[in-house]
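Everything below concerns the one structure shown next.
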Amino acid sequence: MNHEVMTPAPSARVLLLPGWQNSDALHWQSQWEALYGYERLQQHDWQRPLRGDWSARLQETVVDSAQPVVLVAHSLGCVLTAWWAAHSPLARTRVLGALLVAPADTEAEPVAAQLPGWQPVAQARLPFPSIVVASQDDPYCGWDRSQHFAQAWGAELVDLGPAGHINTASGLGRWDAGHALLRRLIKE
């Protein structure tokens, strides 16, 4: 198998946006960070995430970036992306695209109870190309809601079938098929 490092665009900065509790060492986001040199957006508190704090951190990072950014979000990171994009003018001018994997439905129980302050989920069309990758049996977001989010955000929807929360427990390893989606997104 080819292990060559391939970045989506030489002039882009790829930011990994993990969800609640961060992505563990075996998560595909962590593997992409190690393999491709992508940058994880570090949040101040992974255990008790505050939407305002997380949004401010993303805003600071995009403002400080010398390059346009590509967002690769998982779970709560998808909700962060949608919220930030609906409120920041930088989303229109500084983001080349977003791969949004396994969005969390922070309006549904039990997620809403675990993550207070993350409601409502922003429903505005994203001002950049995006792909939502969702699973038929994600315990944190029903399939109907994943379809709804993709439509509201103006994103292409990719059905991964029964893949759980598309995380380490899903057994995807470094998830080459997901990386191919990212590369395709950037080339569009």
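Identifiers in this document derive from the order of the structure tokens: chains are assigned A, B, ..., residues are numbered from 1 separately in each chain, and ligands are numbered from 1 in order of occurrence.
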
Which neighbours of Ala163 of chain A fall inside 12 Å, counting only C-alpha atoms, when residues of the same chain fewer than 6 positions from it are skipped, and could you give them as JSON, numbers by chain? {"A": [101, 102, 133, 134, 135, 136, 137, 138, 139, 143, 169, 170, 171, 172, 175]}

Distance table requested - segment 83-164 of chain A against segment 57-60 of chain A, cut-off 12 Å, only C-alpha atoms: one row per qualifying residue with the closest atom pair and its distance in Å to one decimal, ordered by chain and rising residue number, as a Markdown table.
```
| residue | atom | partner | partner_atom | distance |
| --- | --- | --- | --- | --- |
| A:Trp83 | CA | A:Leu58 | CA | 10.8 |
| A:Trp84 | CA | A:Gln59 | CA | 7.7 |
| A:Ala85 | CA | A:Gln59 | CA | 9.7 |
| A:His87 | CA | A:Gln59 | CA | 10.0 |
| A:Ser88 | CA | A:Gln59 | CA | 7.6 |
| A:Pro89 | CA | A:Gln59 | CA | 10.0 |
| A:Leu90 | CA | A:Gln59 | CA | 8.0 |
| A:Ala91 | CA | A:Gln59 | CA | 9.2 |
| A:Arg94 | CA | A:Gln59 | CA | 10.6 |
| A:Val95 | CA | A:Gln59 | CA | 11.3 |
```

Keeping only all heavy atoms, write the selected residues to a file as a tab-separated table (two decimals), in the first residue's frame.
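This went into result15.tsv:
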```
chain	number	residue	atom	x	y	z
A	83	TRP	N	-21.87	26.12	13.08
A	83	TRP	CA	-22.14	27.30	13.91
A	83	TRP	C	-21.18	28.44	13.56
A	83	TRP	O	-21.58	29.58	13.35
A	83	TRP	CB	-22.04	26.94	15.40
A	83	TRP	CG	-22.34	28.09	16.29
A	83	TRP	CD1	-21.44	28.92	16.90
A	83	TRP	CD2	-23.63	28.59	16.64
A	83	TRP	NE1	-22.09	29.89	17.62
A	83	TRP	CE2	-23.44	29.71	17.48
A	83	TRP	CE3	-24.93	28.19	16.33
A	83	TRP	CZ2	-24.49	30.43	18.01
A	83	TRP	CZ3	-25.98	28.90	16.86
A	83	TRP	CH2	-25.76	30.02	17.69
A	84	TRP	N	-19.89	28.12	13.52
A	84	TRP	CA	-18.88	29.13	13.21
A	84	TRP	C	-19.11	29.72	11.83
A	84	TRP	O	-19.06	30.94	11.65
A	84	TRP	CB	-17.49	28.51	13.34
A	84	TRP	CG	-16.40	29.45	12.92
A	84	TRP	CD1	-15.85	30.45	13.67
A	84	TRP	CD2	-15.75	29.50	11.66
A	84	TRP	NE1	-14.89	31.11	12.94
A	84	TRP	CE2	-14.81	30.54	11.71
A	84	TRP	CE3	-15.85	28.74	10.49
A	84	TRP	CZ2	-13.99	30.86	10.63
A	84	TRP	CZ3	-15.04	29.06	9.41
A	84	TRP	CH2	-14.12	30.11	9.49
A	85	ALA	N	-19.39	28.87	10.84
A	85	ALA	CA	-19.58	29.35	9.46
A	85	ALA	C	-20.79	30.27	9.36
A	85	ALA	O	-20.79	31.21	8.55
A	85	ALA	CB	-19.74	28.17	8.51
A	87	HIS	N	-21.68	32.37	11.55
A	87	HIS	CA	-21.44	33.61	12.30
A	87	HIS	C	-20.16	34.35	11.94
A	87	HIS	O	-19.97	35.48	12.38
A	87	HIS	CB	-21.45	33.31	13.80
A	87	HIS	CG	-22.79	32.87	14.28
A	87	HIS	ND1	-23.17	31.55	14.29
A	87	HIS	CD2	-23.85	33.56	14.73
A	87	HIS	CE1	-24.41	31.46	14.74
A	87	HIS	NE2	-24.84	32.67	15.00
A	88	SER	N	-19.28	33.73	11.17
A	88	SER	CA	-18.01	34.38	10.85
A	88	SER	C	-17.91	34.71	9.36
A	88	SER	O	-18.02	33.82	8.52
A	88	SER	CB	-16.83	33.47	11.22
A	88	SER	OG	-15.62	34.07	10.81
A	89	PRO	N	-17.65	35.97	9.04
A	89	PRO	CA	-17.43	36.33	7.63
A	89	PRO	C	-16.21	35.63	7.02
A	89	PRO	O	-16.12	35.49	5.81
A	89	PRO	CB	-17.23	37.85	7.65
A	89	PRO	CG	-17.54	38.31	9.02
A	89	PRO	CD	-17.60	37.13	9.93
A	90	LEU	N	-15.29	35.18	7.87
A	90	LEU	CA	-14.09	34.50	7.37
A	90	LEU	C	-14.43	33.17	6.68
A	90	LEU	O	-13.67	32.69	5.84
A	90	LEU	CB	-13.11	34.23	8.50
A	90	LEU	CG	-12.43	35.44	9.12
A	90	LEU	CD1	-11.53	35.01	10.26
A	90	LEU	CD2	-11.65	36.21	8.07
A	91	ALA	N	-15.58	32.59	7.04
A	91	ALA	CA	-15.97	31.31	6.43
A	91	ALA	C	-16.10	31.46	4.91
A	91	ALA	O	-15.82	30.51	4.17
A	91	ALA	CB	-17.27	30.82	7.04
A	94	ARG	N	-11.98	32.44	3.70
A	94	ARG	CA	-10.76	31.74	4.15
A	94	ARG	C	-10.87	30.23	4.19
A	94	ARG	O	-9.89	29.56	4.46
A	94	ARG	CB	-10.38	32.24	5.55
A	94	ARG	CG	-10.18	33.74	5.66
A	94	ARG	CD	-8.90	34.21	5.08
A	94	ARG	NE	-7.82	33.58	5.81
A	94	ARG	CZ	-6.60	33.38	5.32
A	94	ARG	NH1	-6.30	33.77	4.13
A	94	ARG	NH2	-5.68	32.78	6.05
A	95	VAL	N	-12.08	29.68	3.92
A	95	VAL	CA	-12.27	28.23	3.98
A	95	VAL	C	-12.48	27.69	2.57
A	95	VAL	O	-13.37	28.14	1.85
A	95	VAL	CB	-13.46	27.85	4.88
A	95	VAL	CG1	-13.66	26.34	4.90
A	95	VAL	CG2	-13.24	28.38	6.30
```

Measure the distance from atom CA of Gly77 of chain A to atom CA of Gly19 of chain A in Å and round it to one decimal. 4.7 Å

Going by DSSP on the backbone, which bits of chain A are alpha helix (DSSP H)? Write them as number ranges by chain, please. A: 28-36, 51-64, 76-87, 90-94, 111-114, 143-153, 176-187

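Nearest residue to Trp46 of chain A, choosing from A:Gln114, A:Ser11, A:Gln31, A:Asn22 and counting only C-alpha atoms: A:Asn22.
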
Could you pull the residues within 8 Å of Leu50 of chain A, counting only C-alpha atoms, minus those fewer than 2 positions along the same chain, as a list in words? Arg48, Gly52, Asp53, Trp54, Gly117 and Trp118 of chain A

For the residues in that selection, give me all heavy atoms as a PDB file, in the first residue's frame.
```
ATOM      1  N   ARG A  48     -15.574  19.436  28.900  1.00  0.00           N
ATOM      2  CA  ARG A  48     -16.737  20.319  29.086  1.00  0.00           C
ATOM      3  C   ARG A  48     -16.702  21.409  28.017  1.00  0.00           C
ATOM      4  O   ARG A  48     -16.372  22.563  28.291  1.00  0.00           O
ATOM      5  CB  ARG A  48     -16.719  20.923  30.497  1.00  0.00           C
ATOM      6  CG  ARG A  48     -17.014  19.898  31.587  1.00  0.00           C
ATOM      7  CD  ARG A  48     -16.877  20.473  32.988  1.00  0.00           C
ATOM      8  NE  ARG A  48     -15.540  20.994  33.289  1.00  0.00           N
ATOM      9  CZ  ARG A  48     -14.477  20.255  33.580  1.00  0.00           C
ATOM     10  NH1 ARG A  48     -14.572  18.955  33.598  1.00  0.00           N
ATOM     11  NH2 ARG A  48     -13.318  20.812  33.854  1.00  0.00           N
ATOM     12  N   GLY A  52     -19.089  28.785  22.647  1.00  0.00           N
ATOM     13  CA  GLY A  52     -18.431  30.073  22.453  1.00  0.00           C
ATOM     14  C   GLY A  52     -16.915  29.962  22.481  1.00  0.00           C
ATOM     15  O   GLY A  52     -16.225  30.562  21.647  1.00  0.00           O
ATOM     16  N   ASP A  53     -16.391  29.206  23.428  1.00  0.00           N
ATOM     17  CA  ASP A  53     -14.939  29.023  23.525  1.00  0.00           C
ATOM     18  C   ASP A  53     -14.385  28.293  22.298  1.00  0.00           C
ATOM     19  O   ASP A  53     -13.354  28.674  21.746  1.00  0.00           O
ATOM     20  CB  ASP A  53     -14.576  28.223  24.782  1.00  0.00           C
ATOM     21  CG  ASP A  53     -14.780  29.009  26.064  1.00  0.00           C
ATOM     22  OD1 ASP A  53     -15.071  30.225  25.990  1.00  0.00           O
ATOM     23  OD2 ASP A  53     -14.664  28.406  27.147  1.00  0.00           O
ATOM     24  N   TRP A  54     -15.079  27.215  21.906  1.00  0.00           N
ATOM     25  CA  TRP A  54     -14.611  26.446  20.761  1.00  0.00           C
ATOM     26  C   TRP A  54     -14.674  27.279  19.487  1.00  0.00           C
ATOM     27  O   TRP A  54     -13.778  27.224  18.650  1.00  0.00           O
ATOM     28  CB  TRP A  54     -15.421  25.155  20.622  1.00  0.00           C
ATOM     29  CG  TRP A  54     -14.972  24.063  21.546  1.00  0.00           C
ATOM     30  CD1 TRP A  54     -14.470  24.196  22.815  1.00  0.00           C
ATOM     31  CD2 TRP A  54     -14.998  22.667  21.279  1.00  0.00           C
ATOM     32  NE1 TRP A  54     -14.191  22.962  23.344  1.00  0.00           N
ATOM     33  CE2 TRP A  54     -14.510  22.000  22.421  1.00  0.00           C
ATOM     34  CE3 TRP A  54     -15.406  21.905  20.194  1.00  0.00           C
ATOM     35  CZ2 TRP A  54     -14.397  20.620  22.501  1.00  0.00           C
ATOM     36  CZ3 TRP A  54     -15.304  20.525  20.266  1.00  0.00           C
ATOM     37  CH2 TRP A  54     -14.798  19.883  21.414  1.00  0.00           C
ATOM     38  N   GLY A 117     -25.780  23.859  25.825  1.00  0.00           N
ATOM     39  CA  GLY A 117     -25.232  25.047  25.192  1.00  0.00           C
ATOM     40  C   GLY A 117     -24.873  24.867  23.728  1.00  0.00           C
ATOM     41  O   GLY A 117     -24.444  25.806  23.073  1.00  0.00           O
ATOM     42  N   TRP A 118     -25.059  23.658  23.210  1.00  0.00           N
ATOM     43  CA  TRP A 118     -24.754  23.396  21.807  1.00  0.00           C
ATOM     44  C   TRP A 118     -26.032  23.309  20.963  1.00  0.00           C
ATOM     45  O   TRP A 118     -26.037  22.739  19.887  1.00  0.00           O
ATOM     46  CB  TRP A 118     -23.923  22.124  21.676  1.00  0.00           C
ATOM     47  CG  TRP A 118     -22.502  22.357  22.075  1.00  0.00           C
ATOM     48  CD1 TRP A 118     -21.987  22.302  23.338  1.00  0.00           C
ATOM     49  CD2 TRP A 118     -21.422  22.715  21.219  1.00  0.00           C
ATOM     50  NE1 TRP A 118     -20.646  22.592  23.321  1.00  0.00           N
ATOM     51  CE2 TRP A 118     -20.271  22.840  22.020  1.00  0.00           C
ATOM     52  CE3 TRP A 118     -21.310  22.929  19.847  1.00  0.00           C
ATOM     53  CZ2 TRP A 118     -19.025  23.173  21.504  1.00  0.00           C
ATOM     54  CZ3 TRP A 118     -20.065  23.259  19.329  1.00  0.00           C
ATOM     55  CH2 TRP A 118     -18.942  23.382  20.149  1.00  0.00           C
TER      56      TRP A 118
END
```

Which is closest to Gly173 of chain A among A:Gly97, A:Leu16, A:Ser23, A:Gln29, if we use only C-alpha atoms?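 Counting only C-alpha atoms, the residue closest to Gly173 of chain A is A:Gln29.
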